[in-house]
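Trainee: mmCIF, C-alpha atoms, saved as query-v8.cif, coming up:
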data_work
#
loop_
_atom_site.label_atom_id
_atom_site.label_comp_id
_atom_site.auth_asym_id
_atom_site.auth_seq_id
_atom_site.Cartn_x
_atom_site.Cartn_y
_atom_site.Cartn_z
CA MET X 440 10.93 11.77 -17.81
CA LEU X 441 8.39 9.34 -16.39
CA ARG X 442 9.38 5.71 -16.91
CA ALA X 443 7.81 3.83 -14.01
CA ILE X 444 4.75 3.96 -11.77
CA LEU X 445 4.98 2.50 -8.27
CA TRP X 446 1.58 1.65 -6.88
CA ASP X 447 0.77 1.24 -3.24
CA MET X 448 -1.96 -1.39 -3.01
CA ASP X 449 -4.17 -0.76 0.01
CA GLY X 450 -6.24 2.37 -0.51
CA VAL X 451 -4.82 3.00 -3.99
CA VAL X 452 -5.40 0.06 -6.29
CA ALA X 453 -7.77 -1.80 -3.99
CA ASP X 454 -10.07 -1.06 -1.10
CA THR X 455 -8.70 -3.54 1.44
CA GLU X 456 -9.36 -1.49 4.56
CA GLY X 457 -12.47 -3.41 5.57
CA ALA X 458 -10.75 -6.77 5.19
CA HIS X 459 -7.72 -5.61 7.20
CA LEU X 460 -9.91 -4.15 9.94
CA LEU X 461 -11.89 -7.39 10.22
CA ALA X 462 -8.66 -9.38 10.37
CA TRP X 463 -7.13 -7.19 13.08
CA ARG X 464 -10.33 -7.26 15.10
CA GLN X 465 -10.47 -11.05 14.94
CA PHE X 466 -6.77 -11.32 15.77
CA LEU X 467 -7.04 -8.98 18.76
CA ALA X 468 -10.28 -10.56 20.01
CA GLU X 469 -8.46 -13.89 20.18
CA ARG X 470 -6.07 -12.18 22.63
CA GLY X 471 -8.69 -10.36 24.67
CA HIS X 472 -8.19 -6.97 23.02
CA SER X 473 -10.13 -4.72 20.67
CA VAL X 474 -9.42 -1.91 18.23
CA THR X 475 -11.55 0.98 17.04
CA ALA X 476 -11.72 2.10 13.43
CA GLU X 477 -9.90 5.30 14.46
CA GLN X 478 -7.05 3.38 16.13
CA PHE X 479 -6.78 1.12 13.11
CA ALA X 480 -6.65 4.08 10.69
CA VAL X 481 -3.55 5.47 12.42
CA THR X 482 -1.63 2.27 11.64
CA PHE X 483 -2.98 1.68 8.13
CA GLY X 484 -0.01 1.38 5.76
CA MET X 485 2.50 0.38 8.44
CA ALA X 486 4.22 -3.00 8.47
CA ASN X 487 2.99 -5.53 11.02
CA PRO X 488 6.06 -5.52 13.33
CA GLU X 489 5.61 -1.80 13.91
CA ILE X 490 1.86 -2.21 14.47
CA LEU X 491 2.32 -5.10 16.89
CA ARG X 492 4.95 -3.25 18.91
CA ARG X 493 2.70 -0.20 19.04
CA TRP X 494 -0.17 -2.26 20.46
CA PHE X 495 1.69 -4.87 22.53
CA GLY X 496 4.98 -3.16 23.42
CA ASP X 497 8.62 -3.78 22.69
CA ALA X 498 8.82 -6.93 24.80
CA LEU X 499 7.54 -9.08 21.95
CA SER X 500 10.16 -11.47 20.65
CA ALA X 501 11.05 -11.76 16.99
CA GLU X 502 9.45 -15.22 16.97
CA GLU X 503 6.19 -13.87 18.40
CA ILE X 504 6.11 -11.01 15.91
CA HIS X 505 6.68 -13.42 13.02
CA ALA X 506 4.02 -15.90 14.17
CA TRP X 507 1.43 -13.28 15.09
CA SER X 508 1.94 -11.39 11.86
CA ALA X 509 1.57 -14.56 9.80
CA HIS X 510 -1.66 -15.42 11.60
CA LYS X 511 -3.15 -11.97 11.12
CA GLU X 512 -2.34 -12.01 7.40
CA ALA X 513 -3.84 -15.47 7.00
CA LEU X 514 -7.03 -14.06 8.55
CA PHE X 515 -6.90 -11.14 6.10
CA ARG X 516 -6.71 -13.45 3.09
CA THR X 517 -9.90 -15.21 4.16
CA TYR X 518 -11.70 -11.88 3.73
CA VAL X 519 -10.17 -10.94 0.36
CA PRO X 520 -12.76 -12.63 -1.91
CA THR X 521 -15.71 -10.95 -0.18
CA HIS X 522 -14.36 -7.64 1.15
CA VAL X 523 -11.83 -6.36 -1.42
CA ARG X 524 -12.72 -4.35 -4.53
CA ALA X 525 -10.92 -2.15 -7.04
CA LEU X 526 -11.01 1.55 -6.19
CA PRO X 527 -12.40 4.13 -8.67
CA GLY X 528 -10.09 4.71 -11.61
CA SER X 529 -7.48 2.14 -10.62
CA LEU X 530 -8.23 -0.45 -13.30
CA GLU X 531 -8.37 2.24 -15.98
CA TRP X 532 -5.07 3.75 -14.89
CA LEU X 533 -3.35 0.35 -14.74
CA ARG X 534 -4.53 -0.33 -18.29
CA ARG X 535 -3.44 3.12 -19.40
CA GLY X 536 -0.02 2.71 -17.82
CA ARG X 537 0.53 -0.56 -19.64
CA GLU X 538 -0.59 0.95 -22.95
CA ARG X 539 1.73 3.95 -22.50
CA GLY X 540 4.67 1.63 -21.95
CA TYR X 541 5.33 2.60 -18.34
CA ARG X 542 6.98 -0.01 -16.14
CA GLN X 543 4.62 -0.72 -13.24
CA ALA X 544 5.07 -2.30 -9.84
CA ILE X 545 3.10 -2.83 -6.68
CA ALA X 546 5.11 -1.50 -3.73
CA SER X 547 3.17 -2.47 -0.63
CA SER X 548 4.01 -3.00 3.02
CA GLY X 549 1.78 -6.08 2.96
CA GLU X 550 3.03 -9.64 2.74
CA MET X 551 3.68 -11.02 -0.73
CA ALA X 552 0.93 -13.62 -0.22
CA ASN X 553 -1.53 -10.77 0.37
CA ILE X 554 -0.38 -8.88 -2.69
CA VAL X 555 -0.75 -11.99 -4.82
CA ALA X 556 -4.19 -12.73 -3.34
CA VAL X 557 -5.53 -9.24 -4.09
CA VAL X 558 -3.96 -9.06 -7.56
CA ALA X 559 -5.43 -12.45 -8.38
CA ALA X 560 -8.87 -11.53 -7.01
CA LEU X 561 -8.95 -8.37 -9.13
CA GLU X 562 -7.42 -10.18 -12.15
CA ILE X 563 -4.75 -7.50 -12.70
CA GLY X 564 -1.57 -9.57 -12.65
CA ASN X 565 -0.68 -8.79 -16.25
CA ARG X 566 -0.55 -5.06 -15.52
CA PHE X 567 2.62 -5.32 -13.44
CA ASP X 568 6.29 -5.93 -14.15
CA ALA X 569 7.08 -6.52 -10.46
CA LEU X 570 5.38 -7.10 -7.13
CA VAL X 571 7.41 -5.79 -4.19
CA SER X 572 6.60 -6.47 -0.54
CA GLY X 573 8.06 -4.47 2.31
CA ALA X 574 6.85 -6.89 4.99
CA PHE X 575 10.29 -8.21 5.83
CA LEU X 576 12.40 -5.15 5.16
CA PRO X 577 14.26 -3.92 8.27
CA ARG X 578 12.27 -0.67 8.31
CA SER X 579 8.81 0.08 6.99
CA LYS X 580 7.44 3.26 5.46
CA PRO X 581 8.28 6.15 5.94
CA ASP X 582 11.68 4.59 5.25
CA PRO X 583 12.15 4.81 1.45
CA ALA X 584 13.61 1.31 1.03
CA ILE X 585 10.49 -0.28 -0.48
CA PHE X 586 10.25 2.33 -3.24
CA LEU X 587 13.96 2.15 -3.97
CA HIS X 588 13.70 -1.64 -4.23
CA ALA X 589 10.72 -1.33 -6.58
CA ALA X 590 12.50 1.21 -8.77
CA ALA X 591 15.53 -1.06 -9.01
CA ALA X 592 13.31 -3.99 -9.95
CA LEU X 593 11.93 -1.92 -12.84
CA GLY X 594 15.32 -0.56 -13.90
CA ALA X 595 14.26 3.03 -13.26
CA ALA X 596 16.03 5.87 -11.45
CA PRO X 597 14.14 7.56 -8.57
CA GLU X 598 13.60 10.74 -10.58
CA GLU X 599 11.92 8.64 -13.31
CA CYS X 600 9.33 7.19 -10.91
CA LEU X 601 5.85 8.26 -9.94
CA VAL X 602 4.58 6.93 -6.62
CA VAL X 603 0.82 6.69 -6.10
CA GLU X 604 0.00 6.59 -2.38
CA ASP X 605 -2.79 7.16 0.09
CA GLY X 606 -0.82 6.88 3.32
CA ILE X 607 0.89 9.58 5.35
CA VAL X 608 3.94 7.37 5.87
CA GLY X 609 3.87 6.38 2.19
CA VAL X 610 3.97 9.98 1.01
CA GLU X 611 6.92 10.62 3.31
CA ALA X 612 8.68 7.49 2.02
CA ALA X 613 8.26 8.67 -1.58
CA ARG X 614 9.67 12.08 -0.66
CA ARG X 615 12.68 10.50 1.04
CA ALA X 616 13.22 8.30 -2.02
CA GLY X 617 13.45 11.40 -4.23
CA MET X 618 10.36 10.41 -6.20
CA CYS X 619 7.36 12.35 -7.42
CA CYS X 620 4.19 11.43 -5.52
CA VAL X 621 0.48 11.61 -6.23
CA ALA X 622 -1.59 11.18 -3.07
CA LEU X 623 -5.19 10.02 -2.95
CA THR X 624 -7.59 11.10 -0.22
CA THR X 625 -9.14 7.64 -0.04
CA THR X 626 -7.83 7.12 3.50
CA HIS X 627 -6.66 10.47 4.89
CA PRO X 628 -7.74 14.10 4.33
CA ALA X 629 -5.68 16.26 2.00
CA ALA X 630 -4.24 18.30 4.86
CA ARG X 631 -2.41 15.22 6.17
CA LEU X 632 -0.92 14.42 2.74
CA ALA X 633 0.65 17.83 2.19
CA GLY X 634 4.05 16.37 1.34
CA ALA X 635 2.77 15.00 -1.97
CA ASP X 636 3.38 16.75 -5.28
CA LEU X 637 -0.28 16.38 -6.23
CA ILE X 638 -3.38 15.42 -4.23
CA VAL X 639 -6.58 14.10 -5.82
CA GLN X 640 -9.71 12.45 -4.49
CA ASP X 641 -9.08 9.17 -6.27
CA LEU X 642 -7.63 7.87 -9.53
CA SER X 643 -10.77 8.71 -11.48
CA ALA X 644 -9.88 12.38 -10.83
CA LEU X 645 -6.30 12.00 -12.10
CA SER X 646 -5.72 12.94 -15.73
CA GLU X 647 -2.77 12.22 -17.98
CA GLU X 648 -2.24 15.97 -18.29
CA MET X 649 -1.82 16.24 -14.51
CA VAL X 650 0.82 13.52 -14.55
CA GLU X 651 2.63 15.00 -17.54
CA ALA X 652 2.78 18.38 -15.78
CA LEU X 653 4.59 16.79 -12.85
CA PHE X 654 7.36 15.60 -15.15
CA GLY X 655 7.34 18.55 -17.54
#
Please re-express this file's structure in structure tokens.

Mentor:
Amino acid sequence: MLRAILWDMDGVVADTEGAHLLAWRQFLAERGHSVTAEQFAVTFGMANPEILRRWFGDALSAEEIHAWSAHKEALFRTYVPTHVRALPGSLEWLRRGRERGYRQAIASSGEMANIVAVVAALEIGNRFDALVSGAFLPRSKPDPAIFLHAAAALGAAPEECLVVEDGIVGVEAARRAGMCCVALTTTHPAARLAGADLIVQDLSALSEEMVEALFG
């Protein structure tokens, strides 16, 4: 029985990709580096420590990772008002979820300040029972910890949760958490999201009947 919906934020509820790309490009330019859209896409959905180690190596200290991550996210928030928008079907599904009595949570790898900034910009705060950030968890997606934390915050068992994701690592995290997963092809092609229980183009293509069939 479906009791809770766990929403990834970037690429699911909101189109934040452009704002994140601009922030990373500004951050890297300050350090004499650059990143292509293709390189950025590979890391989209990962937590910052993993991204920074991938680009700068394992020699970074914990203090550097913390400071650099905070700076990059501060840059991101400057772009939120002008470069973030709701994705097709997301506002309707959040309203529908609330009306159906489902418990709902954001479960994002982003910092809590980012989650709050995007939720506030889109004026969707009242749709959620919890906002969960994985930014400071020991391991990021595909580790299932963020989804298990979100489920616990909503008082739901893993088998009662539906995860809505767009990321390859997010789909894997949902699978490891023992949760049903709907994947959106807003960021990656369907072939790379094959671990999901259902794949749709975006939330405007997801019907209540499709969701009910997953839990039937």

Trainee: Distance table requested - stretch 511-575 of chain X against stretch 446-460 of chain X, cut-off 6 Å, only C-alpha atoms: one row per qualifying residue with the closest atom pair and its distance in Å to one decimal, ordered by chain and rising residue number, as a tab-separated table.

Mentor:
residue	atom	partner	partner_atom	distance
X:Phe515	CA	X:His459	CA	5.7
X:Tyr518	CA	X:Ala458	CA	5.4
X:His522	CA	X:Ala458	CA	5.5
X:Val523	CA	X:Thr455	CA	5.1
X:Arg524	CA	X:Asp454	CA	5.4
X:Ala525	CA	X:Ala453	CA	4.4
X:Leu526	CA	X:Ala453	CA	5.2
X:Ser529	CA	X:Val452	CA	5.2
X:Ile545	CA	X:Trp446	CA	4.7
X:Ala546	CA	X:Asp447	CA	5.2
X:Ser547	CA	X:Asp447	CA	5.1

Trainee: For stretch 600-608 of chain X, please output as an MDAnalysis selection string all residues within 8 Å (counting all atoms listed in the file; exclusion window: fewer than 3 positions along the same chain).

Mentor: chainID X and resid 441:447 450:451 483:485 580:581 590 595:597 611:613 618:627 631:632

Trainee: Just the number, please: distance in Å from atom CA of X:Ala468 to atom CA of X:Leu576, one decimal.

Mentor: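 According to the coordinates, atom CA of X:Ala468 and atom CA of X:Leu576 are separated by 27.6 Å.
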
Trainee: Identify which of the residues X:Arg614, X:Leu461, X:Trp532, X:Arg578 lies closest to X:Ala644, counting all atoms listed in the file when measuring atom-to-atom distances.

Mentor: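 For X:Ala644, the nearest of the candidates is X:Trp532.
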
Trainee: Could you jot down the atom CA of X:Leu637 to atom CA of X:Asn553 separation for me, Å, one decimal place?

Mentor: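 Separating atom CA of X:Leu637 from atom CA of X:Asn553 is a distance of 28.0 Å.
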
Trainee: Select from stretch 449-560 of chain X every residue with an atom at most 6 Å from any atom of stretch 572-575 of chain X, then for each give the shortest pair of atoms and their distance in Å to one decimal, using only C-alpha atoms, rows by chain and rising number, as a tab-separated table.

Mentor:
residue	atom	partner	partner_atom	distance
X:Ala486	CA	X:Ala574	CA	5.8
X:Ser547	CA	X:Ser572	CA	5.3
X:Ser548	CA	X:Gly573	CA	4.4
X:Gly549	CA	X:Ala574	CA	5.5
X:Glu550	CA	X:Ala574	CA	5.2
X:Met551	CA	X:Ser572	CA	5.4

Trainee: Got a sec to resolve the PyMOL selection byres ((chain X and resi 540) around 12) on this structure and send the residues as a list in words?

Mentor: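 Checked against the file, the PyMOL selection byres ((chain X and resi 540) around 12) matches Leu441, Arg442, Ala443, Ile444, Leu533, Arg534, Arg535, Gly536, Arg537, Glu538, Arg539, Tyr541, Arg542, Gln543, Arg566, Phe567 and Asp568 of chain X.
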
Trainee: What does the structure give for the distance between atom CA of X:His510 and atom CA of X:Ala569, in Å to one decimal?

Mentor: 25.3 Å

Trainee: Expand the PyMOL selection byres ((chain X and resi 560) around 9) into the explicit residue set it covers here, and present it as a ChimeraX atom specification.

Mentor: /X:519-520,523-524,555-559,561-563

Trainee: Name the closest residue to X:Val639 among the candidates X:Gly528, X:Glu599, X:Lys511, X:Gly471; distances are taken between atoms, counting all atoms listed in the file.

Mentor: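 Ranking X:Gly528, X:Glu599, X:Lys511, X:Gly471 by distance to X:Val639, first place goes to X:Gly528.
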
Trainee: Would you compute the box with edges along x, y and z of the file around stretch 545-555 of chain X, including every atom the file lists for it and 3 Å extra on each side, and give its centre and edge lengths in Å to one decimal, as AutoDock Vina command-line options?

Mentor:
--center_x 1.8 --center_y -7.6 --center_z -1.8 --size_x 12.6 --size_y 18.1 --size_z 15.7

Trainee: Nearest to X:Ala506: which of X:Leu491, X:Leu653, X:Ala552, X:Glu477 is it, counting all atoms listed in the file?

Mentor: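 Closest candidate: X:Leu491.
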
Trainee: Here is a test: counting all atoms listed in the file, which residue of X:Glu502, X:Phe586, X:Ser579, X:Ala616 is nearest to X:Ile490?

Mentor: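 Nearest candidate to X:Ile490 out of X:Glu502, X:Phe586, X:Ser579, X:Ala616: X:Ser579.
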
Trainee: Using only C-alpha atoms, pick whichever of X:Leu645, X:Val571, X:Leu514, X:Val481 has the shortest atom-to-atom distance to X:Arg464.

Mentor: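 Closest to X:Arg464 of all the choices is X:Leu514.
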
Trainee: Using all atoms listed in the file, which of the listed residues (X:Thr517, X:Phe479, X:Ala633, X:Pro583) sits closest to X:Leu467?

Mentor: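 Checking each of X:Thr517, X:Phe479, X:Ala633, X:Pro583 against X:Leu467, counting all atoms listed in the file, the winner is X:Phe479.
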